[in-house]
Amino acid sequence: MKFYVRTAVAGILLAILTIRGFVLFASPIPVQLFTLFLAYTACVYLGAALSDSRVRWISIEFLLSTVFYVFAVLGLIYSPVWVAIGFILHGVWDMLHHPRLIKTKVVRWFPPLCAVFDWIVGIYILVFY
């Protein structure tokens, strides 16, 4: 249980630091930074899958990273709500990696930390943008 508490706390702190860092800039730059970060985040599992060389999981991660990239693009073109939804859904995708439903090999602490981070950032964007 301590593992999950520490991981959640780390995710919360990283989300707060990221939000604080991004909102230091004048509008519309914070939204653009959140959008870029969503696109970047979408590629992390793809990179892990590529290092593992299993075509099935590379294909799945490529597909999902493309979906999250589309959410980022929609956020830039139409509304930050798309970015928020992208982060929230990415948090769900993170948690599918945690119980090993998705077989991409990642370190044990990453999916829950990233999920907490994604959900906090997504909710922040929904509330403030």
# chains A, B, ... in the order shown; residues from 1 in each chain; ligands from 1
call {"tool": "select_by_dssp", "arguments": {"residues": "chain A", "states": "alpha helix (DSSP H)", "output": "ChimeraX atom specification"}}
result
/A:2-22,29-42,44-52,55-77,80-97,110-128
call {"tool": "residues_around", "arguments": {"residues": "segment 92-99 of chain A", "least_positions_apart": "6", "cutoff": "12 Å", "atoms": "only C-alpha atoms", "output": "MDAnalysis selection string"}}
result
chainID A and resid 4 41:42 44:45 48:49 57 60:61 64:65 67:68 85:86 105:119 122
call {"tool": "write_last_selection", "arguments": {"atoms": "C-alpha atoms", "output": "PDB file, in the first residue's frame"}}
result
ATOM      1  CA  TYR A   4       0.701   3.283  -4.199  1.00  0.00           C
ATOM      2  CA  THR A  41       3.036  11.764 -23.166  1.00  0.00           C
ATOM      3  CA  ALA A  42       1.248   9.739 -25.818  1.00  0.00           C
ATOM      4  CA  VAL A  44       6.094   7.205 -23.956  1.00  0.00           C
ATOM      5  CA  TYR A  45       4.425   3.793 -24.142  1.00  0.00           C
ATOM      6  CA  ALA A  48       8.671   1.319 -24.489  1.00  0.00           C
ATOM      7  CA  ALA A  49       6.953  -0.975 -26.991  1.00  0.00           C
ATOM      8  CA  TRP A  57       2.197  -4.228 -28.778  1.00  0.00           C
ATOM      9  CA  ILE A  60      -1.435  -1.171 -30.278  1.00  0.00           C
ATOM     10  CA  GLU A  61       0.731   1.555 -28.734  1.00  0.00           C
ATOM     11  CA  LEU A  64      -3.304   4.732 -29.156  1.00  0.00           C
ATOM     12  CA  SER A  65      -0.508   7.298 -29.377  1.00  0.00           C
ATOM     13  CA  VAL A  67      -5.478   8.786 -30.902  1.00  0.00           C
ATOM     14  CA  PHE A  68      -3.967  10.953 -28.154  1.00  0.00           C
ATOM     15  CA  ILE A  85     -10.341  14.690 -22.370  1.00  0.00           C
ATOM     16  CA  GLY A  86      -7.102  13.399 -23.889  1.00  0.00           C
ATOM     17  CA  LYS A 105       6.903  -3.599 -20.593  1.00  0.00           C
ATOM     18  CA  VAL A 106       7.228  -0.544 -18.355  1.00  0.00           C
ATOM     19  CA  VAL A 107       8.522  -0.078 -14.832  1.00  0.00           C
ATOM     20  CA  ARG A 108       5.924  -0.846 -12.190  1.00  0.00           C
ATOM     21  CA  TRP A 109       5.653   2.675 -10.764  1.00  0.00           C
ATOM     22  CA  PHE A 110       5.109   4.485 -14.065  1.00  0.00           C
ATOM     23  CA  PRO A 111       1.452   3.691 -14.942  1.00  0.00           C
ATOM     24  CA  PRO A 112      -0.099   4.706 -11.588  1.00  0.00           C
ATOM     25  CA  LEU A 113       2.114   7.810 -11.310  1.00  0.00           C
ATOM     26  CA  CYS A 114       1.254   8.862 -14.861  1.00  0.00           C
ATOM     27  CA  ALA A 115      -2.478   8.167 -14.335  1.00  0.00           C
ATOM     28  CA  VAL A 116      -2.639  10.432 -11.277  1.00  0.00           C
ATOM     29  CA  PHE A 117      -0.667  13.103 -13.143  1.00  0.00           C
ATOM     30  CA  ASP A 118      -2.907  12.856 -16.220  1.00  0.00           C
ATOM     31  CA  TRP A 119      -6.147  13.024 -14.253  1.00  0.00           C
ATOM     32  CA  GLY A 122      -7.013  16.951 -17.280  1.00  0.00           C
TER      33      GLY A 122
END
call {"tool": "closest_residue", "arguments": {"among": "A:Val55, A:Ile88, A:Ile12, A:Ile102", "to": "Ile125 of chain A", "atoms": "only C-alpha atoms"}}
result
A:Ile88
call {"tool": "closest_residue", "arguments": {"among": "A:Leu36, A:Pro28, A:Met1, A:Val9", "to": "Ile120 of chain A", "atoms": "only C-alpha atoms"}}
result
A:Val9
call {"tool": "residues_around", "arguments": {"residues": "Ile77 of chain A", "least_positions_apart": "5", "cutoff": "12 Å", "atoms": "only C-alpha atoms", "output": "count of residues only"}}
result
8
